[in-house]
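What follows is one structure encoded as structure tokens, with my remarks underneath.
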Amino acid sequence: MEKFDPFVAEWVAFAQDPKYNLVEKCLKLAQILEYPDLDIESNIQRINEIAKSLKVILSDVKNPTYLISMLNEHLFDTLGFHGDADDYYNPKNNFLNEVLQKKSGIPITLSILYVEIARRIGLDLKICGFPSHVVVKHNEEMILDPFSGGHLLSIDDLEDILFRNFGEEIEFSPEFLDELPEDKILVRIIRNLKNSYAQSYAYEKALRCADMILAVEPESPDEIRDKGIILERLQKYQPALDHLNKYLEIAPEAQDVDFILELIRNTREKSSQ
């Protein structure tokens, strides 16, 4: 039987409560995982202040192109927010409170902040789940990259992003620019954190992230596999075997089957010692 984790239970209850918005849920995630004393309300007030300081300099023009231009100038040029290319995989880049404090982040957290401030000046922008690099769109014709100062992206730019991250494995598809639902945004952030924690050997934190995702996507093959790998690293061999075998049951044609079979064999050997 799975061990009950009150942190995971608290997260799921909060994340699934419709009375909280995306920003509140992102800040709650930070509070649960890393910052138990985090004052959520003061961080929301900081976002309010950014929006107010932008409103002061806006004219009466409501043209979206003008508003986007002013948003970019204020957020990136005046206030100095920018993409953290130097320390991209630092877990802190996934926490909105850290992004607000250090004024840098990764595509997904900068996009959340960008869309939230845009909303407060009357701009309806959507977050898109573009592979490996979250972007923002206005209607269907303007694709914006908050990681690069709100730069307007062409299809060629998007294809370049895909090529840099995947080589020729993936070709551009219009569905990559579909709006990313709130629950998928949160899962994507937690998945980033899981990978960052695992890479820095913080396996207990990585395990908590895997459990957070599995609580809302219980049949996700990748998460079942990753939890098995993390459990093996923690020397919890029997539950690791349970998860790795379940992964092979539900994804028998996966590309990493040989790797997982080898890991199962090694884990069995360790568990019998």
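Each chain of the structure tokens is named A, B, ... in the order shown, its residues numbered from 1; ligands are numbered from 1 in display order.
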task = Extract the full set of strand (DSSP E or B) residues from range 16-256 of chain A according to DSSP on the backbone, and format it as a ChimeraX atom specification.
result = /A:82-83,104-105,126-128,135-138,142-145,151-153,179
Quick one: residues within 10 Å of His74 in chain A, only C-alpha atoms, excluding same-chain residues fewer than 4 positions away - as a PDB file with all heavy atoms, in the first residue's frame?
ATOM      1  N   ILE A  50       3.044  45.626 -10.138  1.00  0.00           N
ATOM      2  CA  ILE A  50       3.604  45.674 -11.494  1.00  0.00           C
ATOM      3  C   ILE A  50       2.528  46.111 -12.488  1.00  0.00           C
ATOM      4  O   ILE A  50       2.762  46.969 -13.354  1.00  0.00           O
ATOM      5  CB  ILE A  50       4.182  44.291 -11.901  1.00  0.00           C
ATOM      6  CG1 ILE A  50       5.389  43.950 -11.038  1.00  0.00           C
ATOM      7  CG2 ILE A  50       4.566  44.281 -13.380  1.00  0.00           C
ATOM      8  CD1 ILE A  50       5.898  42.527 -11.216  1.00  0.00           C
ATOM      9  N   ALA A  51       1.336  45.536 -12.358  1.00  0.00           N
ATOM     10  CA  ALA A  51       0.236  45.884 -13.263  1.00  0.00           C
ATOM     11  C   ALA A  51      -0.175  47.350 -13.097  1.00  0.00           C
ATOM     12  O   ALA A  51      -0.411  48.057 -14.090  1.00  0.00           O
ATOM     13  CB  ALA A  51      -0.949  44.962 -13.018  1.00  0.00           C
ATOM     14  N   SER A  53       1.685  49.851 -12.035  1.00  0.00           N
ATOM     15  CA  SER A  53       2.730  50.742 -12.553  1.00  0.00           C
ATOM     16  C   SER A  53       2.714  50.773 -14.076  1.00  0.00           C
ATOM     17  O   SER A  53       3.115  51.774 -14.686  1.00  0.00           O
ATOM     18  CB  SER A  53       4.116  50.311 -12.041  1.00  0.00           C
ATOM     19  OG  SER A  53       4.471  49.032 -12.534  1.00  0.00           O
ATOM     20  N   LEU A  54       2.234  49.714 -14.706  1.00  0.00           N
ATOM     21  CA  LEU A  54       2.081  49.703 -16.162  1.00  0.00           C
ATOM     22  C   LEU A  54       0.864  50.528 -16.584  1.00  0.00           C
ATOM     23  O   LEU A  54       0.932  51.317 -17.532  1.00  0.00           O
ATOM     24  CB  LEU A  54       1.966  48.258 -16.661  1.00  0.00           C
ATOM     25  CG  LEU A  54       1.632  48.055 -18.146  1.00  0.00           C
ATOM     26  CD1 LEU A  54       2.625  48.789 -19.047  1.00  0.00           C
ATOM     27  CD2 LEU A  54       1.613  46.563 -18.486  1.00  0.00           C
ATOM     28  N   ILE A  57       1.176  54.334 -17.209  1.00  0.00           N
ATOM     29  CA  ILE A  57       1.825  54.892 -18.395  1.00  0.00           C
ATOM     30  C   ILE A  57       1.083  54.567 -19.694  1.00  0.00           C
ATOM     31  O   ILE A  57       1.515  54.974 -20.771  1.00  0.00           O
ATOM     32  CB  ILE A  57       3.296  54.400 -18.497  1.00  0.00           C
ATOM     33  CG1 ILE A  57       3.358  52.863 -18.590  1.00  0.00           C
ATOM     34  CG2 ILE A  57       4.114  54.906 -17.323  1.00  0.00           C
ATOM     35  CD1 ILE A  57       4.749  52.330 -18.887  1.00  0.00           C
ATOM     36  N   ILE A  68       0.602  45.126 -26.086  1.00  0.00           N
ATOM     37  CA  ILE A  68       1.687  44.135 -26.004  1.00  0.00           C
ATOM     38  C   ILE A  68       3.041  44.837 -26.033  1.00  0.00           C
ATOM     39  O   ILE A  68       3.958  44.497 -25.270  1.00  0.00           O
ATOM     40  CB  ILE A  68       1.568  43.103 -27.152  1.00  0.00           C
ATOM     41  CG1 ILE A  68       0.377  42.163 -26.884  1.00  0.00           C
ATOM     42  CG2 ILE A  68       2.856  42.287 -27.299  1.00  0.00           C
ATOM     43  CD1 ILE A  68      -0.026  41.314 -28.060  1.00  0.00           C
ATOM     44  N   SER A  69       3.169  45.835 -26.887  1.00  0.00           N
ATOM     45  CA  SER A  69       4.413  46.592 -26.970  1.00  0.00           C
ATOM     46  C   SER A  69       4.739  47.263 -25.646  1.00  0.00           C
ATOM     47  O   SER A  69       5.883  47.216 -25.164  1.00  0.00           O
ATOM     48  CB  SER A  69       4.306  47.641 -28.084  1.00  0.00           C
ATOM     49  OG  SER A  69       5.428  48.488 -28.084  1.00  0.00           O
ATOM     50  N   MET A  70       3.737  47.865 -25.014  1.00  0.00           N
ATOM     51  CA  MET A  70       3.937  48.544 -23.736  1.00  0.00           C
ATOM     52  C   MET A  70       4.216  47.547 -22.613  1.00  0.00           C
ATOM     53  O   MET A  70       5.034  47.808 -21.719  1.00  0.00           O
ATOM     54  CB  MET A  70       2.721  49.406 -23.403  1.00  0.00           C
ATOM     55  CG  MET A  70       2.519  50.590 -24.341  1.00  0.00           C
ATOM     56  SD  MET A  70       3.931  51.721 -24.375  1.00  0.00           S
ATOM     57  CE  MET A  70       3.818  52.447 -22.732  1.00  0.00           C
ATOM     58  N   THR A  78      12.032  48.123 -18.636  1.00  0.00           N
ATOM     59  CA  THR A  78      12.006  48.979 -17.445  1.00  0.00           C
ATOM     60  C   THR A  78      12.283  48.190 -16.169  1.00  0.00           C
ATOM     61  O   THR A  78      13.132  48.566 -15.357  1.00  0.00           O
ATOM     62  CB  THR A  78      10.648  49.700 -17.333  1.00  0.00           C
ATOM     63  OG1 THR A  78      10.413  50.434 -18.534  1.00  0.00           O
ATOM     64  CG2 THR A  78      10.639  50.657 -16.149  1.00  0.00           C
ATOM     65  N   LEU A  79      11.548  47.074 -15.975  1.00  0.00           N
ATOM     66  CA  LEU A  79      11.680  46.312 -14.722  1.00  0.00           C
ATOM     67  C   LEU A  79      12.790  45.263 -14.774  1.00  0.00           C
ATOM     68  O   LEU A  79      13.226  44.773 -13.729  1.00  0.00           O
ATOM     69  CB  LEU A  79      10.340  45.651 -14.368  1.00  0.00           C
ATOM     70  CG  LEU A  79       9.190  46.613 -14.082  1.00  0.00           C
ATOM     71  CD1 LEU A  79       7.909  45.847 -13.744  1.00  0.00           C
ATOM     72  CD2 LEU A  79       9.540  47.566 -12.941  1.00  0.00           C
ATOM     73  N   GLY A  80      13.226  44.897 -15.966  1.00  0.00           N
ATOM     74  CA  GLY A  80      14.393  44.018 -16.077  1.00  0.00           C
ATOM     75  C   GLY A  80      14.133  42.530 -15.982  1.00  0.00           C
ATOM     76  O   GLY A  80      15.065  41.748 -15.749  1.00  0.00           O
ATOM     77  N   PHE A  81      12.888  42.076 -16.149  1.00  0.00           N
ATOM     78  CA  PHE A  81      12.633  40.630 -16.183  1.00  0.00           C
ATOM     79  C   PHE A  81      13.282  40.037 -17.439  1.00  0.00           C
ATOM     80  O   PHE A  81      13.311  40.674 -18.497  1.00  0.00           O
ATOM     81  CB  PHE A  81      11.133  40.349 -16.171  1.00  0.00           C
ATOM     82  CG  PHE A  81      10.503  40.480 -14.805  1.00  0.00           C
ATOM     83  CD1 PHE A  81      10.071  41.713 -14.339  1.00  0.00           C
ATOM     84  CD2 PHE A  81      10.362  39.376 -13.984  1.00  0.00           C
ATOM     85  CE1 PHE A  81       9.508  41.851 -13.073  1.00  0.00           C
ATOM     86  CE2 PHE A  81       9.797  39.490 -12.717  1.00  0.00           C
ATOM     87  CZ  PHE A  81       9.374  40.736 -12.263  1.00  0.00           C
TER      88      PHE A  81
END
remark   = Counting only C-alpha atoms, closest pick from A:Leu186, A:Cys26, A:Met212, A:Met142 relative to Val12 in chain A is A:Met212
ask   = Leaving out Lys236 in chain A and any residue of its chain fewer than 4 positions from it, which residues lie within 12 Å of it when counting only C-alpha atoms, given as an MDAnalysis selection string?
value = chainID A and resid 203:204 207 227:232 240:243 267:268 270:271
Could you please take those selected residues and save C-alpha atoms as a short mmCIF file (atom, residue, chain, number, x, y, z; two decimals), in the first residue's frame?
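Generated file (out_1.cif):
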data_model
loop_
_atom_site.label_atom_id
_atom_site.label_comp_id
_atom_site.auth_asym_id
_atom_site.auth_seq_id
_atom_site.Cartn_x
_atom_site.Cartn_y
_atom_site.Cartn_z
CA TYR A 203 15.41 11.96 -4.72
CA GLU A 204 12.92 12.42 -1.87
CA LEU A 207 9.55 11.32 -5.47
CA LYS A 227 8.67 6.89 -9.93
CA GLY A 228 10.08 3.38 -10.33
CA ILE A 229 13.49 4.80 -11.26
CA ILE A 230 13.45 7.22 -8.31
CA LEU A 231 12.42 4.44 -5.90
CA GLU A 232 15.34 2.33 -7.15
CA ALA A 240 10.52 0.18 -7.62
CA LEU A 241 9.99 -3.21 -9.29
CA ASP A 242 6.21 -2.84 -8.98
CA HIS A 243 6.28 0.49 -10.82
CA THR A 267 17.05 -4.13 -9.13
CA ARG A 268 16.03 -7.78 -8.60
CA LYS A 270 20.01 -5.88 -5.42
CA SER A 271 16.76 -6.79 -3.66
#
request  = Do a neighbour search on Leu123 in chain A at 10 Å with only C-alpha atoms, toss out local chain neighbours closer than 6 positions, and write the hits as a count of residues only.
outcome  = 11
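For range 191-196 of chain A, the set of protein, DNA and RNA residues having any atom at most 7 Å away, when counting only C-alpha atoms and skipping those fewer than 5 positions along the same chain, is A:Tyr89, A:Asn90, A:Pro91, A:Asn94, A:Ala206, A:Cys209, A:Ala210.
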Suppose we keep all heavy atoms; can you now write the selection as a PDB file, in the first residue's frame?
ATOM      1  N   TYR A  89      18.235  25.281 -15.562  1.00  0.00           N
ATOM      2  CA  TYR A  89      17.668  24.086 -14.913  1.00  0.00           C
ATOM      3  C   TYR A  89      17.635  24.183 -13.389  1.00  0.00           C
ATOM      4  O   TYR A  89      17.316  23.201 -12.714  1.00  0.00           O
ATOM      5  CB  TYR A  89      18.441  22.839 -15.355  1.00  0.00           C
ATOM      6  CG  TYR A  89      18.262  22.566 -16.830  1.00  0.00           C
ATOM      7  CD1 TYR A  89      19.261  22.895 -17.747  1.00  0.00           C
ATOM      8  CD2 TYR A  89      17.065  22.027 -17.313  1.00  0.00           C
ATOM      9  CE1 TYR A  89      19.081  22.673 -19.105  1.00  0.00           C
ATOM     10  CE2 TYR A  89      16.874  21.811 -18.668  1.00  0.00           C
ATOM     11  CZ  TYR A  89      17.895  22.130 -19.558  1.00  0.00           C
ATOM     12  OH  TYR A  89      17.700  21.922 -20.905  1.00  0.00           O
ATOM     13  N   ASN A  90      17.949  25.344 -12.860  1.00  0.00           N
ATOM     14  CA  ASN A  90      17.830  25.534 -11.413  1.00  0.00           C
ATOM     15  C   ASN A  90      16.360  25.374 -11.010  1.00  0.00           C
ATOM     16  O   ASN A  90      15.483  26.014 -11.595  1.00  0.00           O
ATOM     17  CB  ASN A  90      18.311  26.942 -11.058  1.00  0.00           C
ATOM     18  CG  ASN A  90      18.422  27.167  -9.567  1.00  0.00           C
ATOM     19  OD1 ASN A  90      17.642  26.636  -8.778  1.00  0.00           O
ATOM     20  ND2 ASN A  90      19.399  27.967  -9.166  1.00  0.00           N
ATOM     21  N   PRO A  91      16.061  24.509 -10.019  1.00  0.00           N
ATOM     22  CA  PRO A  91      14.654  24.323  -9.622  1.00  0.00           C
ATOM     23  C   PRO A  91      13.942  25.621  -9.285  1.00  0.00           C
ATOM     24  O   PRO A  91      12.735  25.754  -9.514  1.00  0.00           O
ATOM     25  CB  PRO A  91      14.759  23.419  -8.382  1.00  0.00           C
ATOM     26  CG  PRO A  91      16.068  22.717  -8.511  1.00  0.00           C
ATOM     27  CD  PRO A  91      16.983  23.661  -9.241  1.00  0.00           C
ATOM     28  N   ASN A  94      11.278  27.457 -11.415  1.00  0.00           N
ATOM     29  CA  ASN A  94       9.904  26.965 -11.517  1.00  0.00           C
ATOM     30  C   ASN A  94       8.979  27.555 -10.459  1.00  0.00           C
ATOM     31  O   ASN A  94       7.782  27.269 -10.464  1.00  0.00           O
ATOM     32  CB  ASN A  94       9.885  25.436 -11.398  1.00  0.00           C
ATOM     33  CG  ASN A  94      10.521  24.766 -12.591  1.00  0.00           C
ATOM     34  OD1 ASN A  94       9.882  24.601 -13.620  1.00  0.00           O
ATOM     35  ND2 ASN A  94      11.783  24.384 -12.457  1.00  0.00           N
ATOM     36  N   ALA A 206      12.117  14.614  -5.540  1.00  0.00           N
ATOM     37  CA  ALA A 206      11.704  14.127  -6.865  1.00  0.00           C
ATOM     38  C   ALA A 206      10.547  13.141  -6.733  1.00  0.00           C
ATOM     39  O   ALA A 206       9.596  13.168  -7.533  1.00  0.00           O
ATOM     40  CB  ALA A 206      12.881  13.474  -7.576  1.00  0.00           C
ATOM     41  N   CYS A 209       7.303  14.950  -6.120  1.00  0.00           N
ATOM     42  CA  CYS A 209       6.798  15.521  -7.373  1.00  0.00           C
ATOM     43  C   CYS A 209       6.118  14.445  -8.226  1.00  0.00           C
ATOM     44  O   CYS A 209       5.049  14.683  -8.801  1.00  0.00           O
ATOM     45  CB  CYS A 209       7.929  16.172  -8.157  1.00  0.00           C
ATOM     46  SG  CYS A 209       8.554  17.696  -7.411  1.00  0.00           S
ATOM     47  N   ALA A 210       6.738  13.277  -8.315  1.00  0.00           N
ATOM     48  CA  ALA A 210       6.131  12.180  -9.071  1.00  0.00           C
ATOM     49  C   ALA A 210       4.772  11.811  -8.478  1.00  0.00           C
ATOM     50  O   ALA A 210       3.801  11.580  -9.223  1.00  0.00           O
ATOM     51  CB  ALA A 210       7.062  10.967  -9.077  1.00  0.00           C
TER      52      ALA A 210
END
Find the residues around range 245-261 of chain A up to 8 Å (only C-alpha atoms counted), leave out those fewer than 5 positions away in its own chain, and share them as a PDB file with all heavy atoms, in the first residue's frame.
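Just written: selection25.pdb:
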ATOM      1  N   PRO A 221       2.111   6.726 -18.084  1.00  0.00           N
ATOM      2  CA  PRO A 221       3.221   5.765 -18.165  1.00  0.00           C
ATOM      3  C   PRO A 221       4.562   6.372 -17.772  1.00  0.00           C
ATOM      4  O   PRO A 221       5.325   5.753 -17.023  1.00  0.00           O
ATOM      5  CB  PRO A 221       3.219   5.346 -19.640  1.00  0.00           C
ATOM      6  CG  PRO A 221       1.852   5.651 -20.141  1.00  0.00           C
ATOM      7  CD  PRO A 221       1.396   6.852 -19.371  1.00  0.00           C
ATOM      8  N   ASP A 222       4.843   7.582 -18.250  1.00  0.00           N
ATOM      9  CA  ASP A 222       6.136   8.206 -17.955  1.00  0.00           C
ATOM     10  C   ASP A 222       6.321   8.439 -16.459  1.00  0.00           C
ATOM     11  O   ASP A 222       7.423   8.256 -15.930  1.00  0.00           O
ATOM     12  CB  ASP A 222       6.270   9.540 -18.693  1.00  0.00           C
ATOM     13  CG  ASP A 222       6.473   9.351 -20.189  1.00  0.00           C
ATOM     14  OD1 ASP A 222       6.597   8.191 -20.633  1.00  0.00           O
ATOM     15  OD2 ASP A 222       6.488  10.368 -20.915  1.00  0.00           O
ATOM     16  N   ILE A 224       4.796   6.760 -13.982  1.00  0.00           N
ATOM     17  CA  ILE A 224       4.933   5.454 -13.335  1.00  0.00           C
ATOM     18  C   ILE A 224       6.371   4.954 -13.478  1.00  0.00           C
ATOM     19  O   ILE A 224       6.992   4.481 -12.516  1.00  0.00           O
ATOM     20  CB  ILE A 224       3.923   4.448 -13.933  1.00  0.00           C
ATOM     21  CG1 ILE A 224       2.499   4.847 -13.527  1.00  0.00           C
ATOM     22  CG2 ILE A 224       4.246   3.018 -13.491  1.00  0.00           C
ATOM     23  CD1 ILE A 224       1.413   4.128 -14.301  1.00  0.00           C
ATOM     24  N   ARG A 225       6.918   5.095 -14.689  1.00  0.00           N
ATOM     25  CA  ARG A 225       8.316   4.702 -14.937  1.00  0.00           C
ATOM     26  C   ARG A 225       9.276   5.527 -14.074  1.00  0.00           C
ATOM     27  O   ARG A 225      10.155   4.972 -13.401  1.00  0.00           O
ATOM     28  CB  ARG A 225       8.647   4.906 -16.409  1.00  0.00           C
ATOM     29  CG  ARG A 225      10.116   4.665 -16.776  1.00  0.00           C
ATOM     30  CD  ARG A 225      10.487   5.381 -18.064  1.00  0.00           C
ATOM     31  NE  ARG A 225      10.332   6.823 -17.940  1.00  0.00           N
ATOM     32  CZ  ARG A 225      10.159   7.647 -18.974  1.00  0.00           C
ATOM     33  NH1 ARG A 225      10.112   7.181 -20.204  1.00  0.00           N
ATOM     34  NH2 ARG A 225      10.033   8.944 -18.765  1.00  0.00           N
TER      35      ARG A 225
END
request  = Could you tell me which of A:Leu110, A:Val99, A:Val134, A:Leu22 comes closest to Arg188 in chain A if we count only C-alpha atoms?
outcome  =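 Distance minimum relative to Arg188 in chain A lands on A:Val134.
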